[in-house]
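Colleague: Take a look at target-v6.txt, compact mmCIF, C-alpha atoms:
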```txt
# COMPACT_ATOMS: atom_id res chain seq x y z
CA MET A 1 1.74 211.76 156.07
CA LYS A 2 -0.64 212.25 158.94
CA LYS A 3 -3.38 213.81 156.79
CA PHE A 4 -2.99 211.33 153.95
CA THR A 5 -3.10 208.06 155.89
CA ASN A 6 -5.87 207.13 158.31
CA TYR A 7 -4.33 205.07 161.10
CA CYS A 8 -7.69 204.35 162.77
CA ALA A 9 -8.49 201.03 161.13
CA SER A 10 -11.89 199.61 161.88
CA ALA A 11 -12.44 196.70 164.26
CA VAL A 12 -13.07 194.45 161.30
CA LEU A 13 -9.75 195.39 159.74
CA THR A 14 -7.96 194.86 163.03
CA LEU A 15 -9.43 191.39 163.27
CA LEU A 16 -8.59 190.84 159.64
CA ALA A 17 -4.92 191.68 160.12
CA ALA A 18 -4.63 189.78 163.38
CA THR A 19 -6.15 186.52 162.22
CA GLY A 20 -5.17 186.47 158.56
CA ASN A 21 -8.64 185.05 157.81
CA ILE A 22 -9.36 187.91 155.49
CA VAL A 23 -12.61 186.97 153.83
CA ALA A 24 -14.11 185.52 156.99
CA ALA A 25 -13.47 188.81 158.79
CA GLU A 26 -14.90 190.74 155.90
CA LEU A 27 -18.07 188.68 155.82
CA LYS A 28 -18.46 189.05 159.56
CA GLY A 29 -18.34 192.81 159.14
CA LEU A 30 -21.07 193.02 156.51
CA PRO A 31 -24.12 192.70 158.83
CA GLU A 32 -22.88 195.59 161.01
CA TYR A 33 -24.17 198.14 158.55
CA ASN A 34 -27.50 198.92 156.92
CA LEU A 35 -27.27 196.98 153.66
CA SER A 36 -30.29 195.06 152.50
CA ASP A 37 -30.16 191.28 152.64
CA ALA A 38 -30.01 191.12 148.85
CA ASP A 39 -27.05 193.51 148.66
CA ARG A 40 -25.24 191.78 151.50
CA ASN A 41 -25.73 188.41 149.82
CA SER A 42 -24.43 189.80 146.53
CA LEU A 43 -21.28 191.07 148.24
CA SER A 44 -20.87 187.78 150.07
CA LEU A 45 -20.97 185.84 146.81
CA VAL A 46 -18.05 187.72 145.26
CA LEU A 47 -16.06 187.53 148.51
CA ASN A 48 -16.63 183.79 148.78
CA GLU A 49 -15.52 183.39 145.18
CA PHE A 50 -12.31 185.23 146.02
CA ARG A 51 -11.88 183.20 149.22
CA VAL A 52 -11.94 179.94 147.29
CA ALA A 53 -9.32 181.19 144.80
CA TYR A 54 -7.09 182.62 147.51
CA LYS A 55 -7.35 179.65 149.85
CA ALA A 56 -6.23 177.30 147.08
CA VAL A 57 -2.68 178.72 147.08
CA GLY A 58 -0.16 178.34 149.87
CA ASN A 59 2.99 180.37 149.15
CA ASP A 60 3.60 184.08 148.67
CA VAL A 61 4.50 183.75 145.00
CA ASP A 62 1.22 182.07 144.12
CA LYS A 63 -0.73 184.37 146.44
CA LEU A 64 0.68 187.38 144.61
CA VAL A 65 -0.42 185.93 141.28
CA VAL A 66 -3.99 185.47 142.57
CA LEU A 67 -4.13 188.93 144.15
CA LYS A 68 -2.81 190.64 141.02
CA ARG A 69 -5.22 188.77 138.75
CA TRP A 70 -8.24 189.59 140.87
CA TRP A 71 -7.21 193.22 141.24
CA GLU A 72 -6.87 193.64 137.47
CA GLU A 73 -9.85 191.56 136.36
CA ARG A 74 -12.36 193.09 138.79
CA LYS A 75 -11.66 196.73 138.03
CA ILE A 76 -14.47 199.22 137.57
CA LEU A 77 -14.84 199.46 133.83
CA ALA A 78 -13.66 202.71 132.25
CA PRO A 79 -15.01 204.32 129.06
CA ASN A 80 -13.14 203.27 125.93
CA GLN A 81 -12.37 206.88 125.09
CA ALA A 82 -9.26 208.34 126.71
CA ASN A 83 -9.56 211.46 128.84
CA THR A 84 -8.35 214.83 127.69
CA PRO A 85 -5.45 216.32 129.69
CA GLN A 86 -7.95 218.68 131.33
CA GLN A 87 -10.17 215.76 132.36
CA ASN A 88 -7.19 213.96 133.87
CA THR A 89 -6.28 217.08 135.83
CA GLU A 90 -9.84 217.35 137.12
CA LYS A 91 -9.89 213.69 138.15
CA LEU A 92 -6.52 213.90 139.88
CA THR A 93 -7.68 217.05 141.67
CA GLU A 94 -10.73 215.14 142.90
CA ILE A 95 -8.54 212.30 144.17
CA THR A 96 -5.94 214.41 145.95
CA SER A 97 -8.67 216.55 147.50
CA ALA A 98 -10.43 213.43 148.81
CA LEU A 99 -7.18 212.16 150.33
CA ILE A 100 -6.83 215.15 152.63
CA ALA A 101 -10.54 215.63 153.32
CA ASP A 102 -12.16 214.82 156.65
CA ARG A 103 -14.14 211.83 155.41
CA ARG A 104 -15.11 208.39 156.58
CA MET A 105 -13.03 205.46 155.48
CA ILE A 106 -14.15 203.96 152.18
CA PHE A 107 -14.21 200.56 153.91
CA GLY A 108 -17.19 201.72 155.98
CA ALA A 109 -18.93 203.48 153.11
CA THR A 110 -19.23 200.22 151.18
CA ARG A 111 -21.63 198.91 153.85
CA ASP A 112 -23.91 201.93 153.95
CA LYS A 113 -26.89 201.52 151.63
CA ASP A 114 -27.29 205.31 151.59
CA ALA A 115 -23.64 206.05 150.77
CA THR A 116 -23.21 208.81 148.20
CA GLU A 117 -19.69 207.68 147.29
CA PHE A 118 -20.87 205.22 144.65
CA ASN A 119 -22.62 205.65 141.33
CA ASP A 120 -24.02 202.12 141.36
CA PHE A 121 -23.87 198.82 143.20
CA GLU A 122 -21.18 197.42 140.91
CA GLU A 123 -18.83 200.14 142.13
CA ARG A 124 -19.62 199.26 145.72
CA LYS A 125 -18.95 195.58 145.02
CA ALA A 126 -15.64 196.38 143.34
CA VAL A 127 -14.49 198.54 146.25
CA VAL A 128 -15.36 195.87 148.84
CA LEU A 129 -13.22 193.46 146.88
CA LYS A 130 -10.43 196.01 146.51
CA SER A 131 -10.37 196.43 150.29
CA VAL A 132 -10.00 192.69 150.80
CA ILE A 133 -7.39 192.20 148.08
CA PHE A 134 -5.22 195.10 149.21
CA THR A 135 -5.40 194.05 152.85
CA ALA A 136 -4.48 190.51 151.88
CA LEU A 137 -1.43 191.90 150.12
CA VAL A 138 -0.19 194.13 152.93
CA ALA A 139 -1.34 192.48 156.16
CA GLU A 140 -0.27 188.85 155.87
CA SER A 141 3.50 189.10 155.55
CA LYS A 142 6.34 191.57 155.21
CA ASP A 143 7.39 189.98 151.94
CA LEU A 144 3.98 190.45 150.32
CA CYS A 145 3.74 193.99 151.66
CA LYS A 146 6.84 194.96 149.69
CA LYS A 147 5.16 193.87 146.45
CA ILE A 148 2.64 196.73 146.24
CA PRO A 149 4.14 198.06 142.95
CA ILE A 150 3.29 194.78 141.20
CA LEU A 151 -0.41 195.37 141.87
CA PHE A 152 -0.29 198.55 139.78
CA GLU A 153 2.12 197.48 137.05
CA GLN A 154 -0.60 197.20 134.41
CA ASN A 155 -1.27 200.96 134.52
CA ARG A 156 2.36 202.03 134.74
CA ASP A 157 2.54 203.62 131.28
CA SER A 158 -0.93 205.18 131.15
CA GLU A 159 -1.79 208.73 132.17
CA ASN A 160 -5.52 208.14 131.78
CA ILE A 161 -7.26 208.44 135.16
CA SER A 162 -10.42 206.42 135.76
CA ARG A 163 -13.11 205.94 138.36
CA ASP A 164 -11.27 202.77 139.38
CA ASP A 165 -8.17 204.86 140.12
CA TYR A 166 -10.22 207.10 142.39
CA PHE A 167 -11.33 204.21 144.56
CA SER A 168 -7.92 202.52 144.39
CA CYS A 169 -6.30 205.60 145.91
CA LEU A 170 -8.88 205.80 148.68
CA VAL A 171 -8.53 202.10 149.50
CA VAL A 172 -4.73 202.34 149.54
CA ASN A 173 -4.76 205.53 151.60
CA ASP A 174 -7.11 204.09 154.20
CA LEU A 175 -5.54 200.65 154.47
CA ALA A 176 -1.80 201.21 153.96
CA ALA A 177 -1.27 201.34 157.73
CA GLN A 178 -2.17 197.62 157.83
CA CYS A 179 1.17 196.92 156.14
CA GLN A 180 3.57 195.02 158.37
CA GLY A 181 6.55 196.73 156.78
CA SER A 182 10.25 195.88 156.85
CA ASP A 183 13.35 197.41 158.36
CA LEU A 184 15.01 197.37 154.95
CA LEU A 185 14.05 196.70 151.36
CA SER A 186 16.17 194.19 149.47
CA PRO A 187 18.14 195.67 146.55
CA GLU A 188 15.70 193.99 144.17
CA ASP A 189 12.65 195.40 145.96
CA LEU A 190 14.18 198.87 146.10
CA VAL A 191 14.66 198.78 142.33
CA GLN A 192 10.95 197.98 141.95
CA TRP A 193 9.93 200.87 144.23
CA ILE A 194 12.15 203.31 142.37
CA ARG A 195 10.60 202.08 139.12
CA PHE A 196 7.17 202.55 140.69
CA SER A 197 8.03 206.17 141.51
CA LYS A 198 9.02 206.74 137.87
CA SER A 199 5.69 205.56 136.43
CA ILE A 200 4.16 207.62 133.66
CA SER A 201 0.90 207.15 135.55
CA SER A 202 0.42 210.01 138.01
CA ILE A 203 -1.85 207.68 140.03
CA ASN A 204 1.01 205.22 140.48
CA ARG A 205 3.32 208.02 141.60
CA VAL A 206 0.73 209.14 144.15
CA ILE A 207 0.16 205.58 145.43
CA CYS A 208 3.91 205.13 145.78
CA LEU A 209 4.00 208.20 148.03
CA LEU A 210 0.99 207.03 150.03
CA THR A 211 2.50 203.64 150.83
CA LEU A 212 6.28 204.09 151.02
CA GLN A 213 6.58 204.91 154.72
CA ASN A 214 4.52 201.85 155.65
CA VAL A 215 6.67 199.47 153.61
CA THR A 216 10.14 200.29 154.94
CA GLN A 217 11.42 201.88 158.12
CA SER A 218 14.75 202.74 156.49
CA ASN A 219 15.40 206.45 155.96
CA ASP A 220 17.85 205.50 153.20
CA ASP A 221 15.22 203.42 151.37
CA ARG A 222 12.66 206.19 151.65
CA ARG A 223 15.14 208.82 150.50
CA ALA A 224 16.21 206.72 147.50
CA VAL A 225 12.61 206.56 146.28
CA LEU A 226 11.70 210.16 147.13
CA ASN A 227 14.77 211.40 145.25
CA GLU A 228 12.93 210.44 142.05
CA TYR A 229 10.38 213.22 142.70
CA ILE A 230 12.90 216.08 142.68
CA GLN A 231 11.88 217.08 139.15
CA GLU A 232 8.18 216.12 139.47
CA GLN A 233 6.25 218.25 136.98
CA ASN A 234 2.68 217.51 138.02
CA PRO A 235 1.76 220.11 140.68
CA LEU A 236 -0.85 217.84 142.27
CA VAL A 237 1.66 215.02 142.70
CA MET A 238 4.20 217.53 144.01
CA ASN A 239 1.71 218.58 146.70
CA VAL A 240 1.49 214.95 147.82
CA PHE A 241 5.27 214.62 147.69
CA ILE A 242 5.86 217.61 149.95
CA ARG A 243 3.59 216.08 152.58
CA ALA A 244 5.05 212.60 152.06
CA SER A 245 8.56 213.92 152.70
CA GLU A 246 7.68 213.94 156.42
CA ALA A 247 8.51 210.21 156.33
CA LEU A 248 12.19 211.23 156.34
CA LEU A 249 14.31 212.22 159.28
CA MET A 250 14.18 216.01 159.56
CA THR A 251 17.76 216.60 158.42
CA SER A 252 17.23 214.40 155.36
CA ARG A 253 13.84 215.98 154.67
CA LYS A 254 15.27 219.49 154.71
CA GLU A 255 18.16 218.47 152.49
CA LEU A 256 15.81 216.89 149.94
CA LEU A 257 13.33 219.78 149.91
CA GLY A 258 16.18 222.25 149.59
CA ILE A 259 17.30 220.44 146.45
CA VAL A 260 13.74 220.42 145.13
CA LYS A 261 13.38 224.15 145.68
CA SER A 262 16.66 224.95 143.95
CA GLN A 263 16.30 222.57 141.01
CA ASN A 264 12.58 222.18 140.21
CA LEU A 265 11.62 225.21 138.15
CA SER A 266 7.94 224.18 137.95
CA LEU A 267 7.19 224.75 141.64
CA THR A 268 4.29 227.08 142.38
CA ASN A 269 4.64 229.96 144.79
CA ASP A 270 2.46 228.08 147.30
CA GLN A 271 4.73 225.04 147.06
CA LYS A 272 7.82 227.17 147.59
CA ALA A 273 6.15 228.71 150.64
CA SER A 274 5.28 225.24 152.00
CA ILE A 275 8.87 224.12 151.54
CA ASP A 276 10.17 227.27 153.23
CA GLN A 277 7.96 226.56 156.24
CA ILE A 278 9.43 223.06 156.53
CA LEU A 279 13.00 224.34 156.09
CA ALA A 280 12.38 226.73 158.98
CA LEU A 281 11.36 223.95 161.37
CA PRO A 282 13.76 222.99 164.19
CA GLU A 283 15.88 219.90 163.67
CA ASN A 284 14.35 218.15 166.71
CA PRO A 285 10.75 219.43 167.02
```
Reformat the file's structure so that it appears as structure tokens.

Modeller:
Amino acid sequence: MKKFTNYCASAVLTLLAATGNIVAAELKGLPEYNLSDADRNSLSLVLNEFRVAYKAVGNDVDKLVVLKRWWEERKILAPNQANTPQQNTEKLTEITSALIADRRMIFGATRDKDATEFNDFEERKAVVLKSVIFTALVAESKDLCKKIPILFEQNRDSENISRDDYFSCLVVNDLAAQCQGSDLLSPEDLVQWIRFSKSISSINRVICLLTLQNVTQSNDDRRAVLNEYIQEQNPLVMNVFIRASEALLMTSRKELLGIVKSQNLSLTNDQKASIDQILALPENP
């Protein structure tokens, strides 16, 4: 997924992954941009609060509990009223368009006082924290990296798409390459990833596609999860899936996309054309 994942992590993120001192690296990065002292101090306060909570636990099980709690409790608040199907389509279109756009990483935008990405400072603060929490999850150990689905379990059965989902997708897309990854998923972890791919939430299904290739190097693991998208009905998610299928070995990719083309009756003409282009590629490009 070359156009969906930015592999050029910033120097701060490189330091962050290398040292494991996540909040310290984050705080060190704040003065590099043009935030006011007041805004920088406000961001530092919330990061220090997280640092204290995270530093107090020592094993992966407890770390996961802290990360999940902070991710869920510090979300950008959504309106109480659910979106209409049309509104959800518009929001998902905005997200998937942003994923393939030539844009700066959201990690850098949070430190630019003139950034147009945010409606208010509370959004900026939430996204800074999201960047730290997600990196803590994926960059410290292979075992934690495999637990990405747990972070999004709360929204599994909701189709409503929020402003928080928009930023979550950008954070995940930009930072997934920090994941250490594993050669293989355990049977238990593979079950969780397949369940993740079956979420009612279209956002969860997109995030699953954005992160899968960074979590496991196994073609069989990847294929087992991607098989769940054969009958994907949301055209925007299907667009992401077609691109994400490049994580497979070419023979496996062609086999899977051939099945999709023959069995998924909801494909658009453009999607069929995209699949045909991939099917025409040489086996060893």

Colleague: One decimal, Å: what's the distance from atom CA of Arg195 of chain A over to atom CA of Val171 of chain A, could you say?

Modeller: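 Between atom CA of Arg195 of chain A and atom CA of Val171 of chain A the gap is 21.8 Å.
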
Colleague: Give me, please, the distance in Å between atom CA of Pro79 of chain A and atom CA of Phe118 of chain A, quoted to one decimal.

Modeller: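 Pair atom CA of Pro79 of chain A / atom CA of Phe118 of chain A returns 16.7 Å.
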
Colleague: Mind pulling up the distance from atom CA of Ile161 of chain A to atom CA of Gln271 of chain A?

Modeller: 23.7 Å

Colleague: A:Glu246, A:Asp220, A:Glu283, A:Asp189: which is nearest Lys146 of chain A, counting all atoms listed in the file?

Modeller: A:Asp189

Colleague: For Ser274 of chain A, which residue out of A:Val260, A:Leu190, A:Ala176, A:Gly58 is the nearest one, using only C-alpha atoms?

Modeller: A:Val260

Colleague: Kindly provide, as JSON, the centre and edge lengths (Å, one decimal) of an axis-aligned box around all atoms of segment 39-52 of chain A given in the file, with 4 Å on each side.

Modeller:
```
{"center_x": -19.5, "center_y": 186.7, "center_z": 148.3, "size_x": 23.2, "size_y": 21.6, "size_z": 14.3}
```

Colleague: Residues within 10 Å of Ser131 of chain A, please, as a list in words. Count all atoms listed in the file; anything in the same chain fewer than 3 positions from it doesn't count.

Modeller: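 In the requested format, the answer is Leu13, Glu26, Ile106, Phe107, Thr110, Ala126, Val127, Val128, Phe134, Thr135, Ala136, Phe167, Ser168, Leu170, Val171, Val172, Asp174 and Leu175 of chain A.
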
Colleague: Which residues, written as a PyMOL selection string, have at least one atom at most 8 Å from segment 211-217 of chain A, with all atoms listed in the file counted and residues fewer than 6 positions away on the same chain left out?

Modeller: chain A and resi 145-146+172-173+176-177+179-185+247

Colleague: So which residues touch Ile278 of chain A within 10 Å, counting all atoms listed in the file, skipping near sequence neighbours fewer than 6 positions away, as a list in words?

Modeller: Ile242, Arg243, Ser245, Glu246, Met250, Arg253, Lys254, Leu257, Gly258 and Lys272 of chain A
